[in-house]
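Enquirer: I'd like to ask some things about the structure below.
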Amino acid sequence: MKPATAPNRSALGDFLRSRRQRLSPGAVGLSGGRRRRTPGLRREEVAELAGIGVDWYIRLEQGRSVNPSVTTIDALARALRLSKVEHAHLRALTRSGDRRAFVRETVPEAIRRLVKSLKQPAYVTGRRWDILAWNKAAAEVFAFDRLAEEDRNTLICVLTKPASRRVFGAAWADEAKRMVAQFRATHDLWAKDPAFLDLLRRLREGCPEFAGWWSAHDVRAAAAGRKRLWHPKKGVLAFEHTSFQANDDPALKLVVYTAV
């Protein structure tokens, strides 16, 4: 299999640009000066704040072949006021090279048996957030077994299926935005892969709100939390959810829901 083209240069440039454009001069201690044609900081201002050359920074935003050092990445993170999650994402984009084309993961039988044995809803996803395995309890809550195979993806389920909007109720938009921001961290490492491009196409076509959330380029880390769901037969369900990475394949994530 031929290696895929390196996607991270354009993703790196897009990320830097989005973080630069969200900052106001006042937020970093600069004078607003003359009227600006575009929002945010200018490239030369970011370069000055980070202590690097303007031309070199422009090359980074343009996705050209530049290999910044850890020291430079850390300086850019400070200049752009990145959060810890955004800083880690920036580092990942700069250190990750060519990738082979995405291949849907296979769940080891030991993990499948574990998931099946759990009484609480549980399922396994891959790096593209495809739903690869689930148990009876998860099927009763999320109806994964009723989905066509091409629709077994948590992003497709939550963002494009009308039933999901009803299940999450007023919390749907917040949940969907959270998922998009968490997925962004993985997507940017596979930005030119056909499988990820096809997923984005389906999300844009199936969710009117997706384009706006995606253009914000927000990045969030996965975290445990609580969800309140409205099930058509079971009524109101409250869960704590948490996830675990598999040692067999770090791309696999086990998600478990515990009733509260």
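Going by the structure tokens order, chains are called A, B, ..., each with residues numbered from 1, while ligands are numbered from 1 in the order shown.
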Produce a table with one row for each residue of region 102-198 of chain A that has an atom at most 10 Å from any atom of region 80-92 of chain A, each row naming the nearest atom pair and its distance in Å at one decimal; use only C-alpha atoms; arrange rows by chain and rising residue number; format as CSV.
Expert:
```
residue,atom,partner,partner_atom,distance
A:Arg184,CA,A:His89,CA,9.4
A:Ala185,CA,A:His89,CA,6.3
A:Thr186,CA,A:His89,CA,9.0
A:Asp188,CA,A:His89,CA,8.9
A:Leu189,CA,A:Ala92,CA,7.8
```
Enquirer: Fewer than 5 positions away in the same chain doesn't count, so skip those; otherwise give me all residues within 10 Å of Ser117 (chain A), counting only C-alpha atoms, as a list in words.
Expert: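 In the requested format, the answer is Ile111, Arg112, Ala122, Asn135 and Lys136 of chain A.
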Enquirer: Could you pull out the strand (DSSP E or B) residues of region 73-252 of chain A from DSSP and send them as a PyMOL selection string?
Expert: chain A and resi 100+122-125+130-134+153+225-231+235-245
Enquirer: If you keep N, CA and C atoms, can you produce a file of those selected residues as an mmCIF file, in the first residue's frame?
Expert:
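out11.cif written:
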```cif
data_model
loop_
_atom_site.group_PDB
_atom_site.id
_atom_site.type_symbol
_atom_site.label_atom_id
_atom_site.label_comp_id
_atom_site.auth_asym_id
_atom_site.auth_seq_id
_atom_site.Cartn_x
_atom_site.Cartn_y
_atom_site.Cartn_z
ATOM 1 N N ARG A 100 0.127 6.103 6.254
ATOM 2 C CA ARG A 100 -0.463 5.191 5.299
ATOM 3 C C ARG A 100 -1.960 5.448 5.244
ATOM 4 N N ALA A 122 -22.025 -0.304 26.449
ATOM 5 C CA ALA A 122 -20.604 -0.157 26.118
ATOM 6 C C ALA A 122 -20.409 -0.411 24.633
ATOM 7 N N TYR A 123 -19.464 0.301 24.060
ATOM 8 C CA TYR A 123 -19.146 0.102 22.649
ATOM 9 C C TYR A 123 -17.694 0.501 22.389
ATOM 10 N N VAL A 124 -17.179 0.091 21.238
ATOM 11 C CA VAL A 124 -15.797 0.359 20.852
ATOM 12 C C VAL A 124 -15.794 1.172 19.561
ATOM 13 N N THR A 125 -15.001 2.231 19.540
ATOM 14 C CA THR A 125 -14.851 3.041 18.326
ATOM 15 C C THR A 125 -13.396 3.034 17.868
ATOM 16 N N ASP A 130 -15.712 5.332 14.010
ATOM 17 C CA ASP A 130 -16.618 4.279 13.566
ATOM 18 C C ASP A 130 -16.975 3.402 14.763
ATOM 19 N N ILE A 131 -18.197 2.929 14.814
ATOM 20 C CA ILE A 131 -18.657 2.046 15.885
ATOM 21 C C ILE A 131 -18.355 0.621 15.453
ATOM 22 N N LEU A 132 -17.411 -0.012 16.135
ATOM 23 C CA LEU A 132 -16.875 -1.291 15.684
ATOM 24 C C LEU A 132 -17.433 -2.489 16.439
ATOM 25 N N ALA A 133 -17.854 -2.281 17.670
ATOM 26 C CA ALA A 133 -18.426 -3.359 18.482
ATOM 27 C C ALA A 133 -19.285 -2.730 19.574
ATOM 28 N N TRP A 134 -20.327 -3.432 19.993
ATOM 29 C CA TRP A 134 -21.204 -2.926 21.043
ATOM 30 C C TRP A 134 -21.918 -4.094 21.702
ATOM 31 N N ASN A 153 -21.220 5.193 12.874
ATOM 32 C CA ASN A 153 -20.182 6.147 13.222
ATOM 33 C C ASN A 153 -20.829 7.130 14.197
ATOM 34 N N GLY A 225 -17.875 12.400 31.534
ATOM 35 C CA GLY A 225 -18.928 13.384 31.774
ATOM 36 C C GLY A 225 -20.262 12.718 32.013
ATOM 37 N N ARG A 226 -21.312 13.523 32.001
ATOM 38 C CA ARG A 226 -22.660 13.020 32.216
ATOM 39 C C ARG A 226 -23.546 13.381 31.031
ATOM 40 N N LYS A 227 -24.499 12.504 30.770
ATOM 41 C CA LYS A 227 -25.469 12.758 29.702
ATOM 42 C C LYS A 227 -26.861 12.405 30.197
ATOM 43 N N ARG A 228 -27.805 13.208 29.762
ATOM 44 C CA ARG A 228 -29.218 12.962 30.070
ATOM 45 C C ARG A 228 -29.922 12.732 28.741
ATOM 46 N N LEU A 229 -30.465 11.545 28.563
ATOM 47 C CA LEU A 229 -31.057 11.152 27.295
ATOM 48 C C LEU A 229 -32.557 10.924 27.443
ATOM 49 N N TRP A 230 -33.288 11.187 26.359
ATOM 50 C CA TRP A 230 -34.734 10.943 26.312
ATOM 51 C C TRP A 230 -34.989 9.775 25.365
ATOM 52 N N HIS A 231 -35.174 8.596 25.928
ATOM 53 C CA HIS A 231 -35.372 7.394 25.138
ATOM 54 C C HIS A 231 -36.868 7.218 24.833
ATOM 55 N N GLY A 235 -37.872 6.257 28.494
ATOM 56 C CA GLY A 235 -38.027 7.543 29.164
ATOM 57 C C GLY A 235 -36.692 8.236 29.393
ATOM 58 N N VAL A 236 -36.596 9.001 30.464
ATOM 59 C CA VAL A 236 -35.371 9.766 30.747
ATOM 60 C C VAL A 236 -34.306 8.836 31.321
ATOM 61 N N LEU A 237 -33.114 8.890 30.726
ATOM 62 C CA LEU A 237 -31.974 8.083 31.176
ATOM 63 C C LEU A 237 -30.811 9.016 31.500
ATOM 64 N N ALA A 238 -30.186 8.798 32.649
ATOM 65 C CA ALA A 238 -29.026 9.603 33.047
ATOM 66 C C ALA A 238 -27.820 8.680 33.172
ATOM 67 N N PHE A 239 -26.721 9.077 32.531
ATOM 68 C CA PHE A 239 -25.523 8.250 32.528
ATOM 69 C C PHE A 239 -24.277 9.078 32.844
ATOM 70 N N GLU A 240 -23.299 8.411 33.428
ATOM 71 C CA GLU A 240 -21.921 8.877 33.418
ATOM 72 C C GLU A 240 -21.211 8.099 32.321
ATOM 73 N N HIS A 241 -20.417 8.775 31.514
ATOM 74 C CA HIS A 241 -19.692 8.066 30.468
ATOM 75 C C HIS A 241 -18.196 8.301 30.628
ATOM 76 N N THR A 242 -17.435 7.283 30.329
ATOM 77 C CA THR A 242 -15.979 7.406 30.352
ATOM 78 C C THR A 242 -15.414 6.493 29.274
ATOM 79 N N SER A 243 -14.168 6.725 28.877
ATOM 80 C CA SER A 243 -13.576 5.944 27.790
ATOM 81 C C SER A 243 -12.187 5.453 28.178
ATOM 82 N N PHE A 244 -11.790 4.355 27.541
ATOM 83 C CA PHE A 244 -10.507 3.717 27.826
ATOM 84 C C PHE A 244 -9.826 3.349 26.511
ATOM 85 N N GLN A 245 -8.531 3.574 26.441
ATOM 86 C CA GLN A 245 -7.764 3.230 25.246
ATOM 87 C C GLN A 245 -7.284 1.788 25.355
#
```
Enquirer: My list of candidates is A:Val28, A:Thr106, A:Pro232, A:Glu209. Which is closest to Ala163 (chain A) when distances are computed with only C-alpha atoms?
Expert: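 That would be A:Pro232, the residue with the smallest distance to Ala163 (chain A).
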Enquirer: Write out as a list of chain:residue names all residues of region 112-160 of chain A that backbone DSSP assigns to helix (DSSP H, G or I).
Expert: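 Assigned to helix (DSSP H, G or I), within region 112-160 of chain A: A:Arg112, A:Arg113, A:Leu114, A:Val115, A:Lys116, A:Ser117, A:Lys136, A:Ala137, A:Ala138, A:Ala139, A:Glu140, A:Val141, A:Phe142, A:Phe144, A:Asp145, A:Arg146, A:Glu149, A:Glu150, A:Asp151, A:Thr154, A:Leu155, A:Ile156, A:Cys157, A:Val158, A:Leu159, A:Thr160.
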Enquirer: Skip region 49-53 of chain A itself and residues of its chain fewer than 2 positions away, then list as a PyMOL selection string all residues within 9 Å of it, counting only C-alpha atoms.
Expert: chain A and resi 28+44-47+55-58+72-80
Enquirer: Could you take the residues named above and write them with N, CA, C and O atoms, as a PDB file, in the first residue's frame?
Expert:
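Saved result, result37.pdb, follows:
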```pdb
ATOM      1  N   VAL A  28      -3.232  40.497  23.593  1.00  0.00           N
ATOM      2  CA  VAL A  28      -1.812  40.151  23.727  1.00  0.00           C
ATOM      3  C   VAL A  28      -0.963  41.381  24.048  1.00  0.00           C
ATOM      4  O   VAL A  28       0.255  41.369  23.893  1.00  0.00           O
ATOM      5  N   GLU A  44       2.821  39.206  11.015  1.00  0.00           N
ATOM      6  CA  GLU A  44       4.061  39.773  11.552  1.00  0.00           C
ATOM      7  C   GLU A  44       3.975  39.981  13.059  1.00  0.00           C
ATOM      8  O   GLU A  44       5.002  39.910  13.759  1.00  0.00           O
ATOM      9  N   GLU A  45       2.769  40.203  13.571  1.00  0.00           N
ATOM     10  CA  GLU A  45       2.607  40.368  15.014  1.00  0.00           C
ATOM     11  C   GLU A  45       2.819  39.040  15.739  1.00  0.00           C
ATOM     12  O   GLU A  45       3.457  39.000  16.806  1.00  0.00           O
ATOM     13  N   VAL A  46       2.286  37.959  15.156  1.00  0.00           N
ATOM     14  CA  VAL A  46       2.504  36.643  15.747  1.00  0.00           C
ATOM     15  C   VAL A  46       3.994  36.300  15.724  1.00  0.00           C
ATOM     16  O   VAL A  46       4.554  35.805  16.714  1.00  0.00           O
ATOM     17  N   ALA A  47       4.633  36.555  14.583  1.00  0.00           N
ATOM     18  CA  ALA A  47       6.065  36.265  14.473  1.00  0.00           C
ATOM     19  C   ALA A  47       6.864  37.041  15.510  1.00  0.00           C
ATOM     20  O   ALA A  47       7.771  36.497  16.153  1.00  0.00           O
ATOM     21  N   ASP A  55       8.855  35.772   7.472  1.00  0.00           N
ATOM     22  CA  ASP A  55       8.804  34.907   6.294  1.00  0.00           C
ATOM     23  C   ASP A  55       8.680  33.441   6.698  1.00  0.00           C
ATOM     24  O   ASP A  55       7.963  32.667   6.059  1.00  0.00           O
ATOM     25  N   TRP A  56       9.378  33.094   7.761  1.00  0.00           N
ATOM     26  CA  TRP A  56       9.351  31.704   8.218  1.00  0.00           C
ATOM     27  C   TRP A  56       7.963  31.347   8.745  1.00  0.00           C
ATOM     28  O   TRP A  56       7.438  30.267   8.454  1.00  0.00           O
ATOM     29  N   TYR A  57       7.345  32.273   9.491  1.00  0.00           N
ATOM     30  CA  TYR A  57       6.001  32.016   9.998  1.00  0.00           C
ATOM     31  C   TYR A  57       5.001  31.920   8.845  1.00  0.00           C
ATOM     32  O   TYR A  57       4.105  31.057   8.859  1.00  0.00           O
ATOM     33  N   ILE A  58       5.148  32.773   7.846  1.00  0.00           N
ATOM     34  CA  ILE A  58       4.254  32.727   6.688  1.00  0.00           C
ATOM     35  C   ILE A  58       4.345  31.374   5.999  1.00  0.00           C
ATOM     36  O   ILE A  58       3.328  30.801   5.575  1.00  0.00           O
ATOM     37  N   THR A  72      10.435  26.405  19.133  1.00  0.00           N
ATOM     38  CA  THR A  72       9.634  27.309  18.300  1.00  0.00           C
ATOM     39  C   THR A  72       8.145  27.047  18.471  1.00  0.00           C
ATOM     40  O   THR A  72       7.339  27.987  18.575  1.00  0.00           O
ATOM     41  N   ILE A  73       7.765  25.779  18.516  1.00  0.00           N
ATOM     42  CA  ILE A  73       6.359  25.430  18.708  1.00  0.00           C
ATOM     43  C   ILE A  73       5.867  25.958  20.043  1.00  0.00           C
ATOM     44  O   ILE A  73       4.757  26.510  20.153  1.00  0.00           O
ATOM     45  N   ASP A  74       6.685  25.815  21.069  1.00  0.00           N
ATOM     46  CA  ASP A  74       6.284  26.317  22.389  1.00  0.00           C
ATOM     47  C   ASP A  74       6.148  27.840  22.374  1.00  0.00           C
ATOM     48  O   ASP A  74       5.248  28.407  23.007  1.00  0.00           O
ATOM     49  N   ALA A  75       7.035  28.516  21.632  1.00  0.00           N
ATOM     50  CA  ALA A  75       6.960  29.981  21.532  1.00  0.00           C
ATOM     51  C   ALA A  75       5.689  30.406  20.796  1.00  0.00           C
ATOM     52  O   ALA A  75       5.031  31.379  21.181  1.00  0.00           O
ATOM     53  N   LEU A  76       5.329  29.675  19.754  1.00  0.00           N
ATOM     54  CA  LEU A  76       4.097  29.976  19.031  1.00  0.00           C
ATOM     55  C   LEU A  76       2.867  29.742  19.915  1.00  0.00           C
ATOM     56  O   LEU A  76       1.902  30.509  19.880  1.00  0.00           O
ATOM     57  N   ALA A  77       2.910  28.680  20.711  1.00  0.00           N
ATOM     58  CA  ALA A  77       1.800  28.398  21.612  1.00  0.00           C
ATOM     59  C   ALA A  77       1.603  29.534  22.612  1.00  0.00           C
ATOM     60  O   ALA A  77       0.466  29.931  22.903  1.00  0.00           O
ATOM     61  N   ARG A  78       2.709  30.075  23.105  1.00  0.00           N
ATOM     62  CA  ARG A  78       2.598  31.202  24.039  1.00  0.00           C
ATOM     63  C   ARG A  78       2.088  32.445  23.326  1.00  0.00           C
ATOM     64  O   ARG A  78       1.224  33.168  23.844  1.00  0.00           O
ATOM     65  N   ALA A  79       2.605  32.693  22.136  1.00  0.00           N
ATOM     66  CA  ALA A  79       2.202  33.885  21.388  1.00  0.00           C
ATOM     67  C   ALA A  79       0.721  33.855  21.032  1.00  0.00           C
ATOM     68  O   ALA A  79       0.042  34.883  21.063  1.00  0.00           O
ATOM     69  N   LEU A  80       0.209  32.666  20.724  1.00  0.00           N
ATOM     70  CA  LEU A  80      -1.184  32.519  20.303  1.00  0.00           C
ATOM     71  C   LEU A  80      -2.118  32.214  21.468  1.00  0.00           C
ATOM     72  O   LEU A  80      -3.309  31.986  21.257  1.00  0.00           O
TER      73      LEU A  80
END
```
Enquirer: Between CA of Asp218 (chain A) and CA of Arg19 (chain A), what distance in Å does the model show, to one decimal?
Expert: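 Answer for the CA of Asp218 (chain A) to CA of Arg19 (chain A) separation: 9.0 Å.
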Enquirer: Please provide the set of residues having any atom within 12 Å of Leu197 (chain A), restricted to only C-alpha atoms, with same-chain residues fewer than 3 positions apart removed, written as a PDB file with C-alpha atoms, in the first residue's frame.
Expert:
```pdb
ATOM      1  CA  PRO A   7      -1.751  16.006   5.303  1.00  0.00           C
ATOM      2  CA  ALA A 101      -4.021   5.266   4.026  1.00  0.00           C
ATOM      3  CA  PHE A 102      -6.644   4.770   6.714  1.00  0.00           C
ATOM      4  CA  ARG A 128     -12.480   7.787  12.662  1.00  0.00           C
ATOM      5  CA  HIS A 187      -8.946  14.512  11.941  1.00  0.00           C
ATOM      6  CA  ASP A 188      -6.130  17.014  11.427  1.00  0.00           C
ATOM      7  CA  TRP A 190      -5.519  12.460   8.627  1.00  0.00           C
ATOM      8  CA  ALA A 191      -6.870  15.544   6.869  1.00  0.00           C
ATOM      9  CA  LYS A 192      -6.270  14.403   3.272  1.00  0.00           C
ATOM     10  CA  ASP A 193      -7.186  10.753   3.717  1.00  0.00           C
ATOM     11  CA  PRO A 194     -10.165   9.731   1.514  1.00  0.00           C
ATOM     12  CA  LEU A 200     -16.599  15.329   6.431  1.00  0.00           C
ATOM     13  CA  ARG A 201     -18.654  15.409   3.235  1.00  0.00           C
ATOM     14  CA  ARG A 202     -21.431  13.422   4.882  1.00  0.00           C
ATOM     15  CA  LEU A 203     -21.379  15.613   7.984  1.00  0.00           C
ATOM     16  CA  ARG A 204     -21.587  18.805   5.908  1.00  0.00           C
TER      17      ARG A 204
END
```
Enquirer: CA of Gln182 (chain A) to CA of Ala222 (chain A): how many Å, to one decimal?
Expert: 6.2 Å
Enquirer: Fewer than 6 positions away in the same chain doesn't count, so skip those; otherwise give me all residues within 12 Å of Trp213 (chain A), counting only C-alpha atoms, as number ranges by chain.
Expert: A: 159, 173-184, 203-204, 207, 219
